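A.B. asks: For reference, this is entry-v2.csv, and it has CSV, C-alpha atoms.
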chain,number,residue,atom,x,y,z
I,30,MET,CA,0.0,0.0,0.0
I,31,ASN,CA,1.1,3.6,-0.6
I,32,GLU,CA,-0.3,7.0,-0.4
I,33,GLU,CA,-2.0,6.6,-3.8
I,34,THR,CA,-4.6,4.3,-2.1
I,35,VAL,CA,-7.4,6.8,-1.2
I,36,ILE,CA,-9.8,5.9,1.5
I,37,ALA,CA,-12.9,8.0,2.4
I,38,ILE,CA,-13.8,8.2,6.1
I,39,VAL,CA,-17.4,9.3,6.3
I,40,GLU,CA,-18.0,10.0,10.0
I,41,ASP,CA,-19.6,12.9,11.8
I,42,ASP,CA,-17.9,12.3,15.1
I,43,PRO,CA,-14.5,14.1,14.7
I,44,ASN,CA,-12.8,12.1,17.5
I,45,ILE,CA,-13.6,8.8,15.7
I,46,ALA,CA,-12.7,10.2,12.3
I,47,ASP,CA,-9.4,11.6,13.4
I,48,LEU,CA,-8.4,8.4,15.2
I,49,VAL,CA,-9.2,6.3,12.1
I,50,GLU,CA,-7.3,8.7,9.9
I,51,LEU,CA,-4.3,8.4,12.2
I,52,TYR,CA,-4.2,4.7,12.0
I,53,LEU,CA,-4.7,4.6,8.2
I,54,ARG,CA,-1.9,7.1,7.6
I,55,ARG,CA,0.4,5.0,9.7
I,56,GLU,CA,-0.3,2.1,7.2
I,57,GLY,CA,0.5,4.4,4.2
I,58,TYR,CA,-3.1,5.1,3.1
I,59,ARG,CA,-4.3,8.5,2.0
I,60,PRO,CA,-7.5,9.2,3.9
I,61,TYR,CA,-10.1,12.0,3.2
I,62,GLN,CA,-12.7,12.9,5.8
I,63,ALA,CA,-16.4,13.8,5.2
I,64,THR,CA,-18.9,14.6,7.9
I,65,THR,CA,-21.9,14.7,5.7
I,66,GLY,CA,-23.4,12.5,3.0
I,67,GLU,CA,-23.2,15.3,0.5
I,68,ARG,CA,-19.5,15.7,1.1
I,69,ALA,CA,-19.0,11.9,0.9
I,70,LEU,CA,-20.6,11.8,-2.5
I,71,GLU,CA,-18.3,14.6,-3.6
I,72,ILE,CA,-15.2,12.7,-2.5
I,73,VAL,CA,-16.3,9.6,-4.3
I,74,GLU,CA,-16.7,11.6,-7.5
I,75,GLN,CA,-13.6,13.7,-7.2
I,76,ARG,CA,-11.1,11.4,-5.4
I,77,ASP,CA,-12.1,7.9,-6.7
I,78,PRO,CA,-11.4,6.2,-3.3
I,79,ARG,CA,-10.5,2.5,-3.2
I,80,LEU,CA,-12.7,2.0,-0.1
I,81,LEU,CA,-15.3,3.8,1.9
I,82,LEU,CA,-15.6,3.7,5.7
I,83,LEU,CA,-19.2,4.9,6.1
I,84,ASP,CA,-21.1,5.7,9.3
I,85,ILE,CA,-24.7,4.7,9.0
I,86,GLY,CA,-26.0,7.4,11.4
I,87,LEU,CA,-24.9,10.5,9.6
I,88,ALA,CA,-26.8,13.6,10.5
I,89,GLY,CA,-28.5,15.7,7.7
I,90,ASP,CA,-30.6,14.9,4.7
I,91,ILE,CA,-28.4,12.0,3.4
I,92,ASP,CA,-27.6,9.3,5.9
I,93,GLY,CA,-25.1,6.5,5.4
I,94,LEU,CA,-27.7,4.1,3.9
I,95,GLU,CA,-28.6,6.7,1.3
I,96,VAL,CA,-24.9,7.3,0.5
I,97,CYS,CA,-24.4,3.6,0.0
I,98,ARG,CA,-27.5,3.4,-2.2
I,99,ARG,CA,-26.3,6.2,-4.4
I,100,VAL,CA,-22.7,5.0,-4.6
I,101,ARG,CA,-23.8,1.4,-5.5
I,102,ALA,CA,-25.8,2.8,-8.4
I,103,THR,CA,-22.6,3.6,-10.2
I,104,SER,CA,-19.7,2.0,-8.4
I,105,ALA,CA,-18.6,-1.3,-6.9
I,106,VAL,CA,-16.1,0.4,-4.5
I,107,PRO,CA,-15.9,-1.6,-1.3
I,108,ILE,CA,-17.9,-0.2,1.6
I,109,ILE,CA,-17.4,-0.9,5.3
I,110,PHE,CA,-20.2,0.4,7.5
I,111,LEU,CA,-19.5,1.8,11.0
I,112,THR,CA,-22.5,1.1,13.1
I,113,ALA,CA,-23.8,1.5,16.6
I,114,ARG,CA,-24.3,-1.7,18.6
I,115,ASP,CA,-28.1,-1.5,18.6
I,116,ASP,CA,-28.4,-0.9,14.8
I,117,GLU,CA,-28.9,-4.5,13.7
I,118,VAL,CA,-31.8,-3.6,11.4
I,119,ASP,CA,-29.7,-0.9,9.7
I,120,ARG,CA,-26.7,-3.3,9.4
I,121,VAL,CA,-28.8,-5.8,7.6
I,122,LEU,CA,-30.3,-3.1,5.3
I,123,GLY,CA,-26.8,-1.8,4.6
I,124,LEU,CA,-25.6,-5.2,3.5
I,125,GLU,CA,-28.7,-5.6,1.3
I,126,LEU,CA,-27.8,-2.3,-0.3
I,127,GLY,CA,-24.4,-3.6,-1.2
I,128,ALA,CA,-22.0,-2.9,1.7
I,129,ASP,CA,-19.2,-5.4,2.0
I,130,ASP,CA,-18.7,-5.5,5.8
I,131,TYR,CA,-19.5,-3.7,9.0
I,132,VAL,CA,-17.7,-2.8,12.2
I,133,THR,CA,-19.7,-2.2,15.4
I,134,LYS,CA,-18.9,0.8,17.6
I,135,PRO,CA,-16.9,1.0,19.8
I,136,PHE,CA,-14.3,-0.7,17.7
I,137,SER,CA,-10.6,-1.2,17.8
I,138,PRO,CA,-8.8,0.9,15.2
I,139,ARG,CA,-6.4,-2.0,14.6
I,140,GLU,CA,-9.3,-4.3,13.9
I,141,LEU,CA,-10.8,-1.8,11.4
I,142,VAL,CA,-7.4,-1.5,9.6
I,143,ALA,CA,-7.2,-5.2,9.4
I,144,ARG,CA,-10.7,-5.3,7.8
I,145,VAL,CA,-9.6,-2.6,5.3
I,146,LYS,CA,-6.4,-4.6,4.4
I,147,ALA,CA,-8.4,-7.8,4.0
I,148,ILE,CA,-10.9,-6.3,1.6
I,149,LEU,CA,-8.3,-4.4,-0.4
I,150,ARG,CA,-6.2,-7.6,-0.8
I,151,ARG,CA,-9.2,-9.3,-2.3
I,152,THR,CA,-10.2,-6.5,-4.6
I,153,GLU,CA,-6.7,-5.5,-5.7
I,154,ALA,CA,-5.2,-9.0,-6.2
I,155,ALA,CA,-4.4,-9.7,-9.9
I,156,PRO,CA,-4.2,-13.5,-10.3
I,157,THR,CA,-2.9,-15.0,-13.4
I,158,VAL,CA,-5.9,-15.6,-15.6
I,159,THR,CA,-6.1,-19.3,-16.6
I,160,ALA,CA,-8.9,-21.5,-17.5
I,161,ALA,CA,-9.5,-22.3,-13.8
I,162,ALA,CA,-9.9,-18.6,-13.2
I,163,ILE,CA,-13.1,-18.6,-15.3
I,164,VAL,CA,-15.8,-20.7,-13.8
I,165,ALA,CA,-19.2,-21.5,-15.4
I,166,VAL,CA,-22.1,-21.6,-12.9
I,167,GLY,CA,-24.8,-23.5,-14.6
I,168,GLU,CA,-25.6,-22.7,-18.3
I,169,HIS,CA,-25.9,-19.0,-18.2
I,170,ILE,CA,-23.6,-17.5,-15.4
I,171,VAL,CA,-19.8,-17.1,-15.8
I,172,VAL,CA,-17.5,-15.9,-13.0
I,173,ASP,CA,-14.2,-14.4,-14.2
I,174,ARG,CA,-11.9,-14.2,-11.2
I,175,GLY,CA,-9.2,-12.3,-13.1
I,176,ARG,CA,-11.5,-9.5,-14.2
I,177,ARG,CA,-13.6,-9.8,-11.1
I,178,GLU,CA,-16.6,-9.9,-13.4
I,179,VAL,CA,-19.8,-11.9,-13.4
I,180,THR,CA,-21.9,-12.2,-16.5
I,181,ARG,CA,-25.4,-13.7,-16.9
I,182,ARG,CA,-26.5,-14.6,-20.4
I,183,GLY,CA,-23.7,-12.5,-21.7
I,184,GLN,CA,-24.6,-9.4,-19.8
I,185,PRO,CA,-22.4,-8.1,-16.9
I,186,VAL,CA,-24.0,-8.2,-13.4
I,187,PRO,CA,-22.6,-5.7,-10.9
I,188,LEU,CA,-21.8,-7.4,-7.6
I,189,ALA,CA,-20.4,-5.9,-4.4
I,190,THR,CA,-17.0,-7.2,-3.3
I,191,ARG,CA,-18.3,-9.7,-0.8
I,192,GLU,CA,-21.1,-10.9,-3.2
I,193,PHE,CA,-18.5,-11.6,-5.8
I,194,ASP,CA,-16.2,-13.4,-3.4
I,195,LEU,CA,-19.1,-15.5,-2.0
I,196,LEU,CA,-20.3,-16.5,-5.5
I,197,HIS,CA,-16.7,-17.4,-6.5
I,198,HIS,CA,-16.2,-19.5,-3.3
I,199,LEU,CA,-19.5,-21.3,-3.9
I,200,ALA,CA,-18.6,-22.0,-7.5
I,201,GLU,CA,-15.2,-23.4,-6.5
I,202,HIS,CA,-17.0,-25.8,-4.2
I,203,ALA,CA,-19.9,-26.5,-6.4
I,204,GLY,CA,-21.9,-29.6,-5.3
I,205,LEU,CA,-20.8,-29.4,-1.7
I,206,ALA,CA,-23.0,-28.4,1.2
I,207,LEU,CA,-21.2,-25.6,3.0
I,208,SER,CA,-22.1,-24.4,6.4
I,209,ARG,CA,-22.4,-20.6,7.2
I,210,ARG,CA,-19.2,-20.9,9.3
I,211,GLN,CA,-17.3,-22.5,6.4
I,212,LEU,CA,-18.5,-19.7,4.1
I,213,ILE,CA,-17.5,-17.0,6.6
I,214,ASP,CA,-14.0,-18.6,7.0
I,215,GLY,CA,-13.6,-18.9,3.2
I,216,VAL,CA,-14.9,-15.5,2.2
I,217,TRP,CA,-14.6,-13.2,5.2
I,218,GLY,CA,-11.6,-14.9,6.8
I,219,HIS,CA,-11.0,-17.0,10.0
I,220,ASP,CA,-10.6,-13.9,12.2
I,221,TRP,CA,-13.8,-12.2,11.1
I,222,VAL,CA,-16.0,-11.3,14.0
I,223,GLY,CA,-19.7,-10.8,13.3
I,224,ASP,CA,-23.1,-12.5,12.8
I,225,ASP,CA,-23.2,-15.6,10.6
I,226,ARG,CA,-26.5,-14.3,9.3
I,227,THR,CA,-24.4,-11.9,7.2
I,228,VAL,CA,-24.1,-14.9,4.8
I,229,ASP,CA,-27.9,-15.1,4.4
I,230,VAL,CA,-28.1,-11.4,3.5
I,231,HIS,CA,-25.5,-11.8,0.7
I,232,VAL,CA,-27.1,-15.0,-0.5
I,233,ARG,CA,-30.4,-13.1,-0.9
I,234,GLN,CA,-28.6,-10.5,-2.9
I,235,LEU,CA,-27.0,-13.0,-5.2
I,236,ARG,CA,-30.4,-14.7,-5.8
I,237,ARG,CA,-32.1,-11.3,-6.5
I,238,LYS,CA,-29.4,-10.2,-8.9
I,239,LEU,CA,-28.9,-13.5,-10.8
I,240,GLY,CA,-32.4,-14.8,-10.6
I,241,PRO,CA,-33.4,-18.4,-11.4
I,242,ASP,CA,-30.2,-19.0,-13.4
I,243,LEU,CA,-28.4,-19.3,-10.0
I,244,ASP,CA,-29.1,-22.9,-8.7
I,245,LEU,CA,-28.3,-22.1,-5.1
I,246,VAL,CA,-29.9,-24.5,-2.7
I,247,THR,CA,-30.6,-23.8,1.0
I,248,ILE,CA,-29.6,-26.8,3.2
I,249,TRP,CA,-31.7,-26.2,6.2
I,250,GLY,CA,-29.8,-26.4,9.5
I,251,VAL,CA,-26.5,-26.3,7.6
I,252,GLY,CA,-26.0,-23.6,5.0
I,253,TYR,CA,-26.0,-23.6,1.2
I,254,ARG,CA,-25.0,-25.7,-1.8
I,255,LEU,CA,-24.4,-24.4,-5.3
I,256,ASP,CA,-25.5,-26.9,-8.0
I,257,ALA,CA,-23.5,-26.2,-11.2
So, in terms of structure tokens, how does the structure I just supplied come out?

C.D. replies:
Amino acid sequence: MNEETVIAIVEDDPNIADLVELYLRREGYRPYQATTGERALEIVEQRDPRLLLLDIGLAGDIDGLEVCRRVRATSAVPIIFLTARDDEVDRVLGLELGADDYVTKPFSPRELVARVKAILRRTEAAPTVTAAAIVAVGEHIVVDRGRREVTRRGQPVPLATREFDLLHHLAEHAGLALSRRQLIDGVWGHDWVGDDRTVDVHVRQLRRKLGPDLDLVTIWGVGYRLDA
């Protein structure tokens, strides 16, 4: 990482924003702060950040959920939500809108930086494109790991970072019943701390975006199986 890696910190508590900026700068990132949704959207347009740290509970006319909705309309940039401990409904809604992860306040800045690094490693990795990097999911869906692109019936389908990673992981293990914990470990990482229901939210998003062409089966009491 270097100072060319721009990260937007969208947080209206200056103490939290300044602390997060300090830790990100120590790791060589270039952070920009925004205290309003309007300013956040300006930074996305002007600075092209590689990742957004986005507080759900922003004051003003545009809260964090609306920022996420507007960003997702045009961009797949990774988004990590910063949420209050009692905002479970908002966390789920944020994931459904296309957020990649969330961190609950109060949080450890070191944990947050570790989440940032993990997501950027996945999105910025450039694997050698081989036949194995392009996986057919059924007859009409193709997952291209090298380009991080999913097409359905020849048309690109925009997926958030975690949605893509989850689909690719399921495709690599097609035909196997995977528990939610196995999917968390394989996609989010062994050290991820959060609710296993996050998997269910992302599965709903994949089903909504890819429709009946995605033969993804719920294994009750276990998890999911992709039949390809």

A.B. asks: Work out how far apart atom CA of Ile148 of chain I and atom CA of Val35 of chain I are and give it in Å to one decimal.

C.D. replies: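 Atom-to-atom, atom CA of Ile148 of chain I to atom CA of Val35 of chain I, that is 13.8 Å.
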
A.B. asks: Kindly give the distance, in Å, that separates atom CA of Asp77 of chain I and atom CA of Val100 of chain I, rounded to a single decimal.

C.D. replies: 11.2 Å

A.B. asks: Which residues come within 12 Å of Ala147 of chain I, counting only C-alpha atoms, excluding same-chain residues fewer than 2 positions away, as JSON, numbers by chain?

C.D. replies: {"I": [80, 107, 109, 129, 130, 140, 141, 142, 143, 144, 145, 149, 150, 151, 152, 153, 154, 190, 191, 216, 217, 218, 219, 220, 221]}

A.B. asks: If we count all atoms listed in the file, what is near Thr247 of chain I at a cut-off of 12 Å, once residues fewer than 6 positions away on the same chain are taken out, given as a ChimeraX atom specification?

C.D. replies: /I:205-209,228-229,232-233,236,253-256

A.B. asks: Give me, please, the distance in Å between atom CA of Asp84 of chain I and atom CA of Arg237 of chain I, quoted to one decimal.

C.D. replies: 25.7 Å

A.B. asks: Could you give me, as CSV, every segment 125-242 of chain I residue with an atom at most 10 Å from segment 36-48 of chain I, plus its closest atom pair and distance in Å to one decimal, counting only C-alpha atoms, rows ordered by chain then number?

C.D. replies:
residue,atom,partner,partner_atom,distance
I:Lys134,CA,I:Ile45,CA,9.8
I:Pro135,CA,I:Ile45,CA,9.4
I:Phe136,CA,I:Ile45,CA,9.7
I:Pro138,CA,I:Leu48,CA,7.5
I:Val145,CA,I:Ile36,CA,9.3

A.B. asks: From the options I:Leu83, I:Glu56, I:Asp92, I:Pro185, which residue's atoms come nearest to Val132 of chain I, counting all atoms listed in the file?

C.D. replies: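 Counting all atoms listed in the file, the residue closest to Val132 of chain I is I:Leu83.
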
A.B. asks: Hey, what's within 10 Å of Val171 of chain I if we count only C-alpha atoms and toss same-chain stuff fewer than 6 positions away? As a count of residues only, please?

C.D. replies: 13

A.B. asks: Name all residues at most 12 Å from Glu95 of chain I (count all atoms listed in the file; drop same-chain ones fewer than 3 positions away) and give them as an NGL selection string.

C.D. replies: :I and (65-67 or 69-70 or 83-92 or 98-102 or 119 or 122-123 or 126-128)

A.B. asks: Considering all atoms listed in the file, state which residue in the set I:Arg177, I:Lys238, I:His202, I:Arg210 is at the smallest distance from Arg226 of chain I.

C.D. replies: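 Smallest separation from Arg226 of chain I among the options: I:Arg210.
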
A.B. asks: With only C-alpha atoms as the basis for distance, which of I:Val251, I:Tyr58, I:Gln234, I:Asp242 is at the shortest distance from Leu212 of chain I?

C.D. replies: I:Val251

A.B. asks: For each of I:Val230, I:Leu239, I:Ala189, I:Leu245, take the minimum atom-to-atom distance to Val121 of chain I, counting all atoms listed in the file, then give the residue where this is smallest.

C.D. replies: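 Answer, going by the shortest atom-to-atom distance: I:Val230.
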
A.B. asks: May I ask which of the residues I:Glu74, I:Gly204, I:Val49, I:Arg68 is the closest one to Gly167 of chain I, counting all atoms listed in the file?

C.D. replies: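 Ranking I:Glu74, I:Gly204, I:Val49, I:Arg68 by distance to Gly167 of chain I, first place goes to I:Gly204.
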